[in-house]
Amino acid sequence: MHNLRDLRSARVQKIGRFRTRSIGHCRASLATAARGPLYQINLIFSKILAEHCLYVEGASAIHPSSVAKVTLDEQKSKAVEFKIIWSSSPDCLKYKSYFTLPELIEFPTEVPGQTAYAYFYPPTNPVYQADQEERPPLLLKSHGGPTAETRALLNLNIQYWTSRGWAFVDVNYGGSTGYGREYRDRLLGKWGIVDVDDCCSCAKFLVDSGKADGERLCITGGSAGGYTTLAALAFRNRFRAGASLYGVADLNSLRAETHKFESHYIDKLVGNEENYFERSPINFVDKFSCPIILFQGLEDKVVPPDQAKKIYQALKEKGLPVALVEYEGEQHGFRKAENIKFTLEQQMVFFARLVGNFKVADEITPISIDNFD
């Protein structure tokens with residue numbers, strides 16, 4: 001049993017119901033003290049202070065990443081008060097009525113008897129209401145990694161979509177962490193197959209459930225999620241348009257050019273040389289049939305900018321509607337607020353013009369789309 005005074009760090013996550021581990025004699029009373037479920041708690045203290053308190057970093061589906069002071073009882077075994085003392089986004093709760101809450105969904109995969117998981121966010125806006133007969137357009141997100149995971153934490157990027165009439169689903173396809181070893185190992189040798197199939201299966205499940213319009217399905221993702229996006233658009237016919245953010249188009253080039261730390265990361269995920277060729281979207285441009293918008297940082301050392309340029313040029317020559325946005329000074333993942341905002345807005349207006357058949361409410365000047373404008 002660990003002594004609470006000497007414990008340096010721990011992490012607690014929620015999947016479905018609240019789940020925690022014991023920390024010395026101080027158990028999951030944090031949830032009770034906080035008066036609600038906490039989806040992630042990181043203990044950031046080095047020692048329990050003399051005044052019987054500790055500090056935690058946490059977040060939930062409606063609370064942004066925050067630091068809270070937790071006061072313990074005299075025995076230092078139970079949390080009796082939970083108070084947020086710092087928030088990464090203190091003003092966002094003013095818009096709480098616009099927030100949609102994630103629903104953990106379990107859906108069937110291509111493998112009989114097997115299921116996968118995702119967080120579904122229905123459209124929510126207290127001011128506007130869609131026609132009861134209309135199903136919303138759906139944006140499906142494939143996370144990066146690829147062996148990472150998505151969590152049900154407040155993400156204002158997601159709320160941007162749902163507050164504007166879109167349904168949104170964040171998929172933890174087979175291979176994602178957080179669901180056990182067997183689930184994680186589903187992706188071994190099958191990157192570009194399992195992730196793509198699971199994303200397509202999730203979209204179909206939501207359409208069949210009446211939660212999304214089957215004619216307005218879009219997909220987006222960054223890095224490995226960008227690869228899944230491109231692969232889904234090249235090798236499947238489920239989605240009507242897509243957005244790839246610093247995504248992978250050529251697996252062989254990724255293996256040859258990426259940074260040293262991940263230079264052999266994908267070998268077990270892809271497999272043999274034939275797979276590297278057969279699963280690279282750049283080699284099958286003839287199979288693409290829908291509009292795509294690409295976003296790329298020009299200082300990216302993980303997925304070099306040449307990947308986006310090659311797939312953009314190939315799709316342009318094929319005659320498909322395509323656009324490429326390149327950011328000076330950005331690396332792997334966009335850090336500048338103006339670029340994050342621009343990326344969101346241009347995805348929105350791109351999908352609205354080419355798939356959604358509606359005019360966006362915001363004042364957004366769309367970029368030029370090759371083979372369309």
# chains A, B, ... in the order shown; residues from 1 in each chain; ligands from 1
call {"tool": "residues_around", "arguments": {"residues": "A:Ser142", "least_positions_apart": "4", "cutoff": "12 Å", "atoms": "only C-alpha atoms", "output": "ChimeraX atom specification"}}
result
/A:117-119,146-150,168-176,192,194-200,202-203,218-232,242-245,247
call {"tool": "select_by_dssp", "arguments": {"residues": "stretch 104-199 of chain A", "states": "helix (DSSP H, G or I)", "output": "ChimeraX atom specification"}}
result
/A:156-162,181-185,194-199
call {"tool": "closest_atom_pairs", "arguments": {"of": "stretch 89-162 of chain A", "to": "stretch 51-75 of chain A", "cutoff": "8 Å", "atoms": "only C-alpha atoms", "output": "JSON lines"}}
result
{"residue": "A:Ser89", "atom": "CA", "partner": "A:Pro64", "partner_atom": "CA", "distance": 6.2}
{"residue": "A:Leu93", "atom": "CA", "partner": "A:His63", "partner_atom": "CA", "distance": 7.5}
{"residue": "A:Lys96", "atom": "CA", "partner": "A:Ile62", "partner_atom": "CA", "distance": 7.4}
{"residue": "A:Phe99", "atom": "CA", "partner": "A:Ile62", "partner_atom": "CA", "distance": 7.2}
{"residue": "A:Leu101", "atom": "CA", "partner": "A:Ala61", "partner_atom": "CA", "distance": 6.3}
{"residue": "A:Pro102", "atom": "CA", "partner": "A:Ala61", "partner_atom": "CA", "distance": 7.1}
{"residue": "A:Ala152", "atom": "CA", "partner": "A:Ala61", "partner_atom": "CA", "distance": 5.7}
{"residue": "A:Leu153", "atom": "CA", "partner": "A:Ala61", "partner_atom": "CA", "distance": 4.4}
{"residue": "A:Leu154", "atom": "CA", "partner": "A:Ala61", "partner_atom": "CA", "distance": 4.4}
{"residue": "A:Asn155", "atom": "CA", "partner": "A:Pro64", "partner_atom": "CA", "distance": 7.8}
call {"tool": "write_last_selection", "arguments": {"atoms": "N, CA, C and O atoms", "output": "PDB file, in the first residue's frame"}}
result
ATOM      1  N   SER A  89     -10.057  27.707 -19.519  1.00  0.00           N
ATOM      2  CA  SER A  89     -11.000  28.495 -20.313  1.00  0.00           C
ATOM      3  C   SER A  89     -12.125  28.969 -19.404  1.00  0.00           C
ATOM      4  O   SER A  89     -13.253  28.469 -19.466  1.00  0.00           O
ATOM      5  N   LEU A  93     -17.900  28.478 -19.773  1.00  0.00           N
ATOM      6  CA  LEU A  93     -19.123  28.000 -19.138  1.00  0.00           C
ATOM      7  C   LEU A  93     -20.299  28.950 -19.344  1.00  0.00           C
ATOM      8  O   LEU A  93     -21.453  28.569 -19.116  1.00  0.00           O
ATOM      9  N   LYS A  96     -22.546  27.260 -21.774  1.00  0.00           N
ATOM     10  CA  LYS A  96     -22.852  25.881 -21.417  1.00  0.00           C
ATOM     11  C   LYS A  96     -24.143  25.388 -22.062  1.00  0.00           C
ATOM     12  O   LYS A  96     -24.280  24.197 -22.383  1.00  0.00           O
ATOM     13  N   PHE A  99     -23.537  23.523 -25.146  1.00  0.00           N
ATOM     14  CA  PHE A  99     -22.722  22.313 -25.104  1.00  0.00           C
ATOM     15  C   PHE A  99     -23.579  21.076 -25.288  1.00  0.00           C
ATOM     16  O   PHE A  99     -24.667  20.960 -24.720  1.00  0.00           O
ATOM     17  N   LEU A 101     -23.512  16.887 -24.786  1.00  0.00           N
ATOM     18  CA  LEU A 101     -22.816  15.887 -23.991  1.00  0.00           C
ATOM     19  C   LEU A 101     -22.545  14.636 -24.813  1.00  0.00           C
ATOM     20  O   LEU A 101     -23.403  14.194 -25.589  1.00  0.00           O
ATOM     21  N   PRO A 102     -21.375  14.050 -24.655  1.00  0.00           N
ATOM     22  CA  PRO A 102     -21.044  12.850 -25.430  1.00  0.00           C
ATOM     23  C   PRO A 102     -21.810  11.630 -24.945  1.00  0.00           C
ATOM     24  O   PRO A 102     -22.055  11.457 -23.758  1.00  0.00           O
ATOM     25  N   ALA A 152     -13.816  11.583 -23.566  1.00  0.00           N
ATOM     26  CA  ALA A 152     -15.040  12.383 -23.491  1.00  0.00           C
ATOM     27  C   ALA A 152     -14.819  13.639 -22.666  1.00  0.00           C
ATOM     28  O   ALA A 152     -15.515  13.893 -21.685  1.00  0.00           O
ATOM     29  N   LEU A 153     -13.853  14.431 -23.062  1.00  0.00           N
ATOM     30  CA  LEU A 153     -13.555  15.685 -22.379  1.00  0.00           C
ATOM     31  C   LEU A 153     -14.075  16.847 -23.203  1.00  0.00           C
ATOM     32  O   LEU A 153     -14.222  16.743 -24.428  1.00  0.00           O
ATOM     33  N   LEU A 154     -14.331  17.964 -22.553  1.00  0.00           N
ATOM     34  CA  LEU A 154     -14.828  19.141 -23.255  1.00  0.00           C
ATOM     35  C   LEU A 154     -13.829  19.559 -24.331  1.00  0.00           C
ATOM     36  O   LEU A 154     -12.670  19.847 -24.051  1.00  0.00           O
ATOM     37  N   ASN A 155     -14.293  19.587 -25.555  1.00  0.00           N
ATOM     38  CA  ASN A 155     -13.478  19.985 -26.697  1.00  0.00           C
ATOM     39  C   ASN A 155     -14.273  21.030 -27.471  1.00  0.00           C
ATOM     40  O   ASN A 155     -15.282  20.715 -28.102  1.00  0.00           O
TER      41      ASN A 155
END
call {"tool": "atom_distance", "arguments": {"atom1": "atom CA of A:Ala314", "atom2": "atom CA of A:Arg236"}}
result
18.4 Å
call {"tool": "residues_around", "arguments": {"residues": "A:Leu294", "least_positions_apart": "2", "cutoff": "8 Å", "atoms": "only C-alpha atoms", "output": "PyMOL selection string"}}
result
chain A and resi 243-246+292+296+308+312+322-325
call {"tool": "select_by_dssp", "arguments": {"residues": "stretch 99-256 of chain A", "states": "strand (DSSP E or B)", "output": "MDAnalysis selection string"}}
result
chainID A and resid 103:108 115:121 138:142 167:172 217:222 241:245
call {"tool": "atom_distance", "arguments": {"atom1": "atom CA of A:Thr124", "atom2": "atom CA of A:Leu156"}}
result
13.1 Å
call {"tool": "atom_distance", "arguments": {"atom1": "atom CA of A:Val349", "atom2": "atom CA of A:Arg238"}}
result
20.6 Å
call {"tool": "residues_around", "arguments": {"residues": "A:Gly356", "least_positions_apart": "3", "cutoff": "12 Å", "atoms": "only C-alpha atoms", "output": "JSON, numbers by chain"}}
result
{"A": [135, 136, 137, 138, 139, 165, 166, 213, 214, 215, 216, 217, 218, 240, 241, 347, 348, 349, 350, 351, 352, 353, 359, 360]}
call {"tool": "write_last_selection", "arguments": {"atoms": "N, CA, C and O atoms", "output": "mmCIF file, in the first residue's frame"}}
result
data_model
loop_
_atom_site.group_PDB
_atom_site.id
_atom_site.type_symbol
_atom_site.label_atom_id
_atom_site.label_comp_id
_atom_site.auth_asym_id
_atom_site.auth_seq_id
_atom_site.Cartn_x
_atom_site.Cartn_y
_atom_site.Cartn_z
ATOM 1 N N ARG A 135 -32.481 14.662 -40.780
ATOM 2 C CA ARG A 135 -31.352 14.083 -40.066
ATOM 3 C C ARG A 135 -30.137 14.977 -40.285
ATOM 4 O O ARG A 135 -29.922 15.474 -41.385
ATOM 5 N N PRO A 136 -29.325 15.179 -39.247
ATOM 6 C CA PRO A 136 -28.213 16.121 -39.377
ATOM 7 C C PRO A 136 -27.056 15.551 -40.193
ATOM 8 O O PRO A 136 -26.861 14.326 -40.258
ATOM 9 N N PRO A 137 -26.274 16.422 -40.803
ATOM 10 C CA PRO A 137 -25.015 15.952 -41.393
ATOM 11 C C PRO A 137 -24.101 15.469 -40.279
ATOM 12 O O PRO A 137 -24.214 15.913 -39.132
ATOM 13 N N LEU A 138 -23.204 14.561 -40.606
ATOM 14 C CA LEU A 138 -22.320 13.972 -39.602
ATOM 15 C C LEU A 138 -20.864 14.193 -39.980
ATOM 16 O O LEU A 138 -20.461 13.952 -41.121
ATOM 17 N N LEU A 139 -20.080 14.650 -39.013
ATOM 18 C CA LEU A 139 -18.631 14.703 -39.180
ATOM 19 C C LEU A 139 -18.027 13.654 -38.259
ATOM 20 O O LEU A 139 -18.215 13.695 -37.046
ATOM 21 N N GLY A 165 -25.392 22.708 -35.916
ATOM 22 C CA GLY A 165 -26.302 21.777 -36.577
ATOM 23 C C GLY A 165 -25.715 20.458 -37.019
ATOM 24 O O GLY A 165 -26.430 19.627 -37.590
ATOM 25 N N TRP A 166 -24.431 20.245 -36.775
ATOM 26 C CA TRP A 166 -23.798 18.988 -37.170
ATOM 27 C C TRP A 166 -23.823 17.985 -36.026
ATOM 28 O O TRP A 166 -23.645 18.341 -34.871
ATOM 29 N N ASP A 213 -27.616 11.814 -41.402
ATOM 30 C CA ASP A 213 -28.043 11.768 -42.795
ATOM 31 C C ASP A 213 -26.994 11.014 -43.618
ATOM 32 O O ASP A 213 -25.844 11.439 -43.714
ATOM 33 N N GLY A 214 -27.383 9.906 -44.185
ATOM 34 C CA GLY A 214 -26.454 9.090 -44.956
ATOM 35 C C GLY A 214 -25.903 9.756 -46.190
ATOM 36 O O GLY A 214 -24.875 9.321 -46.728
ATOM 37 N N GLU A 215 -26.537 10.830 -46.648
ATOM 38 C CA GLU A 215 -26.056 11.548 -47.834
ATOM 39 C C GLU A 215 -25.133 12.703 -47.467
ATOM 40 O O GLU A 215 -24.604 13.368 -48.355
ATOM 41 N N ARG A 216 -24.942 12.926 -46.171
ATOM 42 C CA ARG A 216 -24.083 14.047 -45.739
ATOM 43 C C ARG A 216 -23.106 13.574 -44.657
ATOM 44 O O ARG A 216 -23.062 14.089 -43.559
ATOM 45 N N LEU A 217 -22.323 12.581 -45.032
ATOM 46 C CA LEU A 217 -21.312 12.037 -44.128
ATOM 47 C C LEU A 217 -19.937 12.555 -44.529
ATOM 48 O O LEU A 217 -19.523 12.399 -45.680
ATOM 49 N N CYS A 218 -19.244 13.144 -43.583
ATOM 50 C CA CYS A 218 -17.898 13.659 -43.830
ATOM 51 C C CYS A 218 -16.949 13.077 -42.795
ATOM 52 O O CYS A 218 -17.354 12.677 -41.709
ATOM 53 N N ARG A 240 -18.836 11.383 -48.110
ATOM 54 C CA ARG A 240 -19.044 12.260 -49.263
ATOM 55 C C ARG A 240 -17.949 13.313 -49.427
ATOM 56 O O ARG A 240 -17.826 13.930 -50.475
ATOM 57 N N ALA A 241 -17.157 13.529 -48.371
ATOM 58 C CA ALA A 241 -16.050 14.489 -48.440
ATOM 59 C C ALA A 241 -15.175 14.272 -47.215
ATOM 60 O O ALA A 241 -15.585 13.621 -46.236
ATOM 61 N N GLN A 347 -12.950 24.101 -43.002
ATOM 62 C CA GLN A 347 -13.593 22.789 -43.094
ATOM 63 C C GLN A 347 -15.112 22.955 -43.144
ATOM 64 O O GLN A 347 -15.791 22.322 -43.961
ATOM 65 N N MET A 348 -15.626 23.799 -42.275
ATOM 66 C CA MET A 348 -17.071 24.015 -42.203
ATOM 67 C C MET A 348 -17.627 24.510 -43.540
ATOM 68 O O MET A 348 -18.597 23.944 -44.079
ATOM 69 N N VAL A 349 -17.022 25.532 -44.091
ATOM 70 C CA VAL A 349 -17.547 26.101 -45.325
ATOM 71 C C VAL A 349 -17.300 25.177 -46.517
ATOM 72 O O VAL A 349 -18.104 25.108 -47.455
ATOM 73 N N PHE A 350 -16.200 24.427 -46.493
ATOM 74 C CA PHE A 350 -15.907 23.450 -47.548
ATOM 75 C C PHE A 350 -16.992 22.378 -47.587
ATOM 76 O O PHE A 350 -17.566 22.076 -48.638
ATOM 77 N N PHE A 351 -17.297 21.796 -46.424
ATOM 78 C CA PHE A 351 -18.330 20.758 -46.362
ATOM 79 C C PHE A 351 -19.709 21.323 -46.681
ATOM 80 O O PHE A 351 -20.528 20.664 -47.328
ATOM 81 N N ALA A 352 -19.971 22.538 -46.237
ATOM 82 C CA ALA A 352 -21.278 23.152 -46.490
ATOM 83 C C ALA A 352 -21.502 23.361 -47.983
ATOM 84 O O ALA A 352 -22.598 23.112 -48.505
ATOM 85 N N ARG A 353 -20.470 23.805 -48.677
ATOM 86 C CA ARG A 353 -20.600 24.096 -50.107
ATOM 87 C C ARG A 353 -20.691 22.833 -50.951
ATOM 88 O O ARG A 353 -21.456 22.788 -51.918
ATOM 89 N N LYS A 359 -25.849 27.333 -46.422
ATOM 90 C CA LYS A 359 -24.966 28.462 -46.183
ATOM 91 C C LYS A 359 -24.653 28.539 -44.699
ATOM 92 O O LYS A 359 -25.559 28.487 -43.863
ATOM 93 N N VAL A 360 -23.380 28.673 -44.369
ATOM 94 C CA VAL A 360 -23.006 28.733 -42.959
ATOM 95 C C VAL A 360 -23.459 30.054 -42.351
ATOM 96 O O VAL A 360 -23.540 31.081 -43.039
#
call {"tool": "residues_around", "arguments": {"residues": "A:Asn125", "least_positions_apart": "6", "cutoff": "9 Å", "atoms": "only C-alpha atoms", "output": "ChimeraX atom specification"}}
result
/A:97-100,162-165
call {"tool": "write_last_selection", "arguments": {"atoms": "N, CA and C atoms", "output": "PDB file, in the first residue's frame"}}
result
ATOM      1  N   SER A  97     -25.090  26.274 -22.269  1.00  0.00           N
ATOM      2  CA  SER A  97     -26.361  25.857 -22.860  1.00  0.00           C
ATOM      3  C   SER A  97     -26.190  25.372 -24.298  1.00  0.00           C
ATOM      4  N   TYR A  98     -25.065  25.717 -24.908  1.00  0.00           N
ATOM      5  CA  TYR A  98     -24.781  25.272 -26.276  1.00  0.00           C
ATOM      6  C   TYR A  98     -24.024  23.947 -26.297  1.00  0.00           C
ATOM      7  N   PHE A  99     -23.537  23.523 -25.146  1.00  0.00           N
ATOM      8  CA  PHE A  99     -22.722  22.313 -25.104  1.00  0.00           C
ATOM      9  C   PHE A  99     -23.579  21.076 -25.288  1.00  0.00           C
ATOM     10  N   THR A 100     -23.065  20.154 -26.056  1.00  0.00           N
ATOM     11  CA  THR A 100     -23.694  18.851 -26.181  1.00  0.00           C
ATOM     12  C   THR A 100     -22.865  17.838 -25.406  1.00  0.00           C
ATOM     13  N   THR A 162     -21.249  20.989 -33.364  1.00  0.00           N
ATOM     14  CA  THR A 162     -22.576  20.604 -32.876  1.00  0.00           C
ATOM     15  C   THR A 162     -23.476  21.805 -32.616  1.00  0.00           C
ATOM     16  N   SER A 163     -22.898  22.940 -32.273  1.00  0.00           N
ATOM     17  CA  SER A 163     -23.710  24.141 -32.059  1.00  0.00           C
ATOM     18  C   SER A 163     -24.199  24.734 -33.375  1.00  0.00           C
ATOM     19  N   ARG A 164     -23.677  24.233 -34.480  1.00  0.00           N
ATOM     20  CA  ARG A 164     -24.065  24.720 -35.815  1.00  0.00           C
ATOM     21  C   ARG A 164     -24.817  23.671 -36.617  1.00  0.00           C
ATOM     22  N   GLY A 165     -25.392  22.708 -35.916  1.00  0.00           N
ATOM     23  CA  GLY A 165     -26.302  21.777 -36.577  1.00  0.00           C
ATOM     24  C   GLY A 165     -25.715  20.458 -37.019  1.00  0.00           C
TER      25      GLY A 165
END
